[in-house]
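Let me begin by presenting the structure, written as structure tokens, before commenting on it.
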Amino acid sequence: MDITDRRSGDLDETPLANEVHRESVDRSSHGSASHRVVIDVNDLKKKYSAWSIRGRNVVEALRGASLQVHAGEVFGLLGPNGAGKTTLIKILLGVIRSSSGSASLFGAPAGSIAARMRVGYLPESLRVDRHHSARSALRYYARMSQMSGAEINRRSDELLELVGLRGRDRESVRQFSKGMYQRLGLAQALMHDPDLLVLDEPTDGLDPVGRNEVRKVIDRLRESGKTIFLNSHILQEVELICSRVAIMSHGKICVAGRIDELTQFDRFEEVAFEVAMPAAESAGQAPSEWLRENFPAIQFVGNTLPHPTPPSTDRDAQHALTLDFTLPLSTQAEVDEVVDALRRHHFSLRGLKLKRESFEETFMREVSRPKETS
Ligand SMILES: Nc1ncnc2c1ncn2[C@@H]1O[C@H](COP(=O)(O)OP(=O)(O)OP(=O)(O)O)[C@@H](O)[C@H]1O
């Protein structure tokens, strides 16, 4: 995503926030750090008007998105192409205006000077002129923030250390790997010591070593109390980095929360059973038939016929027959009910495994809902 891209006319109904709100925001006036709301987005809508040979076409990029990010979080915004992520980030950074709804940073309207001063942004493809060294690039960017020379030197030292470029700071960036380049980008975004960092695909295109290095920097930033809002397509990466995520689709936030909450215990879908029945008990109706009759949704795994248990020192077990199967159960009460029924029918339970939804499955489920129901 390139947030500098301005493809067509925005259908703006609200004035750019910084034109009307210039009040400063007291950094200490919003409650305790961990509960302070840093990003507050409520019912945000954005329509673009695109012209084609068929006439004017209105695109609803945001259809009432709401989310909150708290101080100290590493928050991941996820969604398929066209979900509205870039549009949301552009509004947060004050690059474009919303059509309706509200977006604020640290209690100040998104786009206001008070909000902008507290945000650092790392674009997906940071462009640094090749003649720069890491140090001269930082000086160049810092001058735009009107920092003094002494302050620039002090901050550059700190940040080059933080991102692990201290010994390489006078080399030309031409010699930098993509990972080093990205870490320089992080330092650039941090020059004016913002409280919130917005990172666009921070590990995209990096090899595992580069990703690991960027992750370490993000971890250090989190430890130092920064709030990080990132956008990524790499689910595994988001799982490793983020304390909370939001999944976005068709211009709305479908779900938001900790990954373990989104793929939580009561969301399991399938339970795998391994049961055994003493050979003597299975003389009448075949155990698999009984199971099929009582649990029509059963799926046997591998051999549907009972097979001898592996060698065991337990004499009863040596004469038992085992069966492996799965059932589509999604609550603990359902599992308990099945276990009780199995026991009543003289099955003994050898193994039970809840198949929880993976994060990828959660993501796919959320983003594949039709637009009308999302
Ligand atoms: N300037 C524009 N003019 C017209 N339509 C636009 C404009 N910018 C975005 N859109 C449309 O708005 C919708 C949301 O786009 P957006 O770029 O916000 O999605 P995204 O989630 O960031 O996608 P990606 O992951 O591909 O970057 C898309 O249908 C897109 O085509």
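In the structure tokens, chains take the letters A, B, ... in the order shown, each chain's residues start at 1, and ligands count up from 1 in the order shown.
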Report task. Excluding Val217 in chain A and any residue of its chain fewer than 6 positions from it, enumerate the residues within 9 Å of it, using only C-alpha atoms, and give them as a ChimeraX atom specification. Result -> /A:162-164,183,186
Report task. Would you mind listing what lies within 8 Å of Gln188 in chain A as a ChimeraX atom specification, with only C-alpha atoms counted and same-chain residues fewer than 5 positions away left out? Result -> /A:122,137-138,141-142
Query raised in the report: DSSP says strand (DSSP E) for which residues of range 140-338 of chain A? Put them as an MDAnalysis selection string?
Result: chainID A and resid 196:200 227:231 244:249 252:257 270:278 299:300 307:308 320:327
Considering only C-alpha atoms, return as a PDB file with C-alpha atoms, in the first residue's frame whatever protein or nucleic-acid residues lie within 12 Å of Val38 in chain A, sequence-local ones (same chain, fewer than 2 positions apart) excluded.
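Result file around_18.pdb:
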ATOM      1  CA  VAL A  25      -3.104  17.517  24.156  1.00  0.00           C
ATOM      2  CA  ARG A  27       0.358  13.753  27.448  1.00  0.00           C
ATOM      3  CA  HIS A  30      -5.578  10.427  29.919  1.00  0.00           C
ATOM      4  CA  GLY A  31      -5.487   7.956  32.763  1.00  0.00           C
ATOM      5  CA  SER A  32      -3.059   5.088  33.339  1.00  0.00           C
ATOM      6  CA  ALA A  33      -0.802   4.134  30.421  1.00  0.00           C
ATOM      7  CA  SER A  34      -2.159   0.646  29.824  1.00  0.00           C
ATOM      8  CA  HIS A  35      -5.798   1.752  29.619  1.00  0.00           C
ATOM      9  CA  ARG A  36      -5.304   4.976  27.800  1.00  0.00           C
ATOM     10  CA  ASP A  40     -10.168   5.782  18.761  1.00  0.00           C
ATOM     11  CA  VAL A  41     -12.125   5.133  15.588  1.00  0.00           C
ATOM     12  CA  LEU A  67     -11.736   0.180  16.718  1.00  0.00           C
ATOM     13  CA  GLN A  68      -9.720   1.198  19.738  1.00  0.00           C
ATOM     14  CA  VAL A  69      -6.010   0.782  20.363  1.00  0.00           C
ATOM     15  CA  HIS A  70      -4.591   1.221  23.856  1.00  0.00           C
ATOM     16  CA  ALA A  71      -1.274   2.623  25.020  1.00  0.00           C
ATOM     17  CA  GLY A  72       1.599   0.138  24.872  1.00  0.00           C
ATOM     18  CA  GLU A  73      -0.107  -2.278  22.483  1.00  0.00           C
ATOM     19  CA  VAL A  74       1.371  -3.729  19.328  1.00  0.00           C
ATOM     20  CA  PHE A  75      -1.798  -3.778  17.275  1.00  0.00           C
ATOM     21  CA  LEU A  92      -5.410   8.326  10.935  1.00  0.00           C
ATOM     22  CA  ALA A 103     -11.059   9.175  14.334  1.00  0.00           C
ATOM     23  CA  SER A 104      -8.811  10.511  17.057  1.00  0.00           C
ATOM     24  CA  LEU A 105      -5.253   9.941  18.273  1.00  0.00           C
ATOM     25  CA  PHE A 106      -4.467  10.631  21.940  1.00  0.00           C
ATOM     26  CA  GLY A 107      -7.804  12.370  22.185  1.00  0.00           C
ATOM     27  CA  ALA A 108      -7.020  14.802  19.383  1.00  0.00           C
ATOM     28  CA  PRO A 109      -8.766  14.578  16.005  1.00  0.00           C
ATOM     29  CA  ALA A 110      -6.778  12.543  13.460  1.00  0.00           C
ATOM     30  CA  ALA A 115      -2.201  14.253  16.757  1.00  0.00           C
ATOM     31  CA  ARG A 118       2.783  12.230  18.272  1.00  0.00           C
ATOM     32  CA  VAL A 119       2.844   9.826  15.304  1.00  0.00           C
ATOM     33  CA  ASP A 195       4.365   7.916  21.154  1.00  0.00           C
ATOM     34  CA  LEU A 196       2.606   6.065  18.335  1.00  0.00           C
ATOM     35  CA  LEU A 197       4.274   4.321  15.417  1.00  0.00           C
ATOM     36  CA  VAL A 198       2.292   3.364  12.325  1.00  0.00           C
ATOM     37  CA  LYS A 226       5.539   3.005  22.474  1.00  0.00           C
ATOM     38  CA  THR A 227       2.226   2.062  20.918  1.00  0.00           C
ATOM     39  CA  ILE A 228       2.582   0.335  17.565  1.00  0.00           C
ATOM     40  CA  PHE A 229      -0.089   0.035  14.917  1.00  0.00           C
TER      41      PHE A 229
END
Report task. Have a look at CA of Gly111 in chain A and CA of Ile91 in chain A and let me know their distance in Å, one decimal. Result -> 7.3 Å
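The coordinates place CA of Ser136 in chain A at 14.1 Å from CA of Gly167 in chain A.
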Query raised in the report: Residues of range 188-261 of chain A in helix (DSSP H, G or I) according to DSSP, as a ChimeraX atom specification?
Result: /A:188-190,208-223,235-241,259-261
Query raised in the report: Can you tell me, as JSON, numbers by chain, what residues are no more than 10 Å from Ala83 in chain A when counting only C-alpha atoms, ignoring any on the same chain fewer than 3 positions away?
Result: {"A": [61, 62, 78, 79, 80, 86, 87, 88, 247, 248, 249, 250, 251, 252, 253, 367]}
With N, CA and C atoms retained, write the just-selected residues as a PDB file, in the first residue's frame.
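That gives us selection_23.pdb:
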ATOM      1  N   ALA A  61     -15.183   2.733   0.624  1.00  0.00           N
ATOM      2  CA  ALA A  61     -13.967   2.068   1.126  1.00  0.00           C
ATOM      3  C   ALA A  61     -14.104   1.740   2.610  1.00  0.00           C
ATOM      4  N   LEU A  62     -14.745   2.617   3.376  1.00  0.00           N
ATOM      5  CA  LEU A  62     -15.017   2.338   4.791  1.00  0.00           C
ATOM      6  C   LEU A  62     -16.516   2.456   4.997  1.00  0.00           C
ATOM      7  N   LEU A  78      -5.379  -6.363   9.898  1.00  0.00           N
ATOM      8  CA  LEU A  78      -5.285  -7.376   8.847  1.00  0.00           C
ATOM      9  C   LEU A  78      -6.504  -7.318   7.960  1.00  0.00           C
ATOM     10  N   GLY A  79      -6.336  -7.740   6.731  1.00  0.00           N
ATOM     11  CA  GLY A  79      -7.496  -7.802   5.848  1.00  0.00           C
ATOM     12  C   GLY A  79      -7.045  -8.067   4.435  1.00  0.00           C
ATOM     13  N   PRO A  80      -7.929  -8.602   3.620  1.00  0.00           N
ATOM     14  CA  PRO A  80      -7.546  -8.871   2.231  1.00  0.00           C
ATOM     15  C   PRO A  80      -7.383  -7.575   1.448  1.00  0.00           C
ATOM     16  N   THR A  86      -5.673   0.720   3.978  1.00  0.00           N
ATOM     17  CA  THR A  86      -4.916   1.922   3.606  1.00  0.00           C
ATOM     18  C   THR A  86      -5.751   3.167   3.849  1.00  0.00           C
ATOM     19  N   THR A  87      -7.027   3.067   3.507  1.00  0.00           N
ATOM     20  CA  THR A  87      -7.909   4.223   3.684  1.00  0.00           C
ATOM     21  C   THR A  87      -7.966   4.595   5.165  1.00  0.00           C
ATOM     22  N   LEU A  88      -8.108   3.593   6.022  1.00  0.00           N
ATOM     23  CA  LEU A  88      -8.165   3.863   7.464  1.00  0.00           C
ATOM     24  C   LEU A  88      -6.867   4.516   7.930  1.00  0.00           C
ATOM     25  N   ILE A 247      -9.390  -7.765  12.341  1.00  0.00           N
ATOM     26  CA  ILE A 247      -9.532  -8.287  10.977  1.00  0.00           C
ATOM     27  C   ILE A 247     -10.580  -7.429  10.277  1.00  0.00           C
ATOM     28  N   MET A 248     -10.180  -6.925   9.140  1.00  0.00           N
ATOM     29  CA  MET A 248     -11.032  -5.986   8.414  1.00  0.00           C
ATOM     30  C   MET A 248     -11.482  -6.599   7.093  1.00  0.00           C
ATOM     31  N   SER A 249     -12.715  -6.348   6.715  1.00  0.00           N
ATOM     32  CA  SER A 249     -13.209  -6.840   5.435  1.00  0.00           C
ATOM     33  C   SER A 249     -14.348  -5.932   4.976  1.00  0.00           C
ATOM     34  N   HIS A 250     -14.405  -5.662   3.680  1.00  0.00           N
ATOM     35  CA  HIS A 250     -15.467  -4.835   3.095  1.00  0.00           C
ATOM     36  C   HIS A 250     -15.675  -3.526   3.874  1.00  0.00           C
ATOM     37  N   GLY A 251     -14.591  -2.895   4.307  1.00  0.00           N
ATOM     38  CA  GLY A 251     -14.698  -1.581   4.930  1.00  0.00           C
ATOM     39  C   GLY A 251     -15.165  -1.553   6.373  1.00  0.00           C
ATOM     40  N   LYS A 252     -15.208  -2.747   6.995  1.00  0.00           N
ATOM     41  CA  LYS A 252     -15.612  -2.796   8.410  1.00  0.00           C
ATOM     42  C   LYS A 252     -14.641  -3.672   9.194  1.00  0.00           C
ATOM     43  N   ILE A 253     -14.584  -3.447  10.504  1.00  0.00           N
ATOM     44  CA  ILE A 253     -13.787  -4.329  11.358  1.00  0.00           C
ATOM     45  C   ILE A 253     -14.689  -5.503  11.730  1.00  0.00           C
ATOM     46  N   VAL A 367     -13.067 -13.143   6.701  1.00  0.00           N
ATOM     47  CA  VAL A 367     -13.023 -12.349   5.467  1.00  0.00           C
ATOM     48  C   VAL A 367     -13.847 -12.969   4.345  1.00  0.00           C
TER      49      VAL A 367
END
Query raised in the report: What separation in Å, quoted to one decimal, exists between CA of Ile241 in chain A and CA of Asp260 in chain A?
Result: 13.3 Å
Query raised in the report: Within 7 Å of Pro328 in chain A, counting only C-alpha atoms, which residues qualify if same-chain residues fewer than 6 places away don't, as a list in words?
Result: Glu269, Glu270 and Val271 of chain A
Grab the residues selected above and save them as a compact mmCIF listing (two decimals), in the first residue's frame with N, CA and C atoms.
# COMPACT_ATOMS: atom_id res chain seq x y z
N GLU A 269 -13.93 -26.71 16.80
CA GLU A 269 -14.96 -27.16 15.88
C GLU A 269 -15.06 -28.66 15.77
N GLU A 270 -13.94 -29.29 16.06
CA GLU A 270 -13.89 -30.72 15.82
C GLU A 270 -13.14 -31.37 16.97
N VAL A 271 -13.61 -32.55 17.38
CA VAL A 271 -12.93 -33.25 18.48
C VAL A 271 -12.54 -34.64 17.99
Report task. Please provide as a ChimeraX atom specification all residues within 6 Å of Gly120 in chain A, with the sequence filter that same-chain residues fewer than 3 positions apart are discarded (counting only C-alpha atoms). Result -> /A:189-190,194,197
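Proximity to Leu342 in chain A was assessed for A:Glu158, A:Glu274, A:Asp193, A:Glu357 counting only C-alpha atoms; the smallest distance is recorded for A:Glu274.
Distance check against ligand 1 using only C-alpha atoms and all ligand atoms: of A:Arg365, A:Arg54, A:Arg97, A:Arg168, the minimum falls on A:Arg97.
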Report summary line: Closest of A:Asp129, A:Asp43, A:Asp169, A:Asp200 to ligand 1, counting only C-alpha atoms and all ligand atoms, is A:Asp200
**Report entry** Among the residues A:Ala279, A:Ile39, A:Ile113, A:Ala65, the one that comes closest to Val255 in chain A [using only C-alpha atoms]
**Finding:** A:Ala65
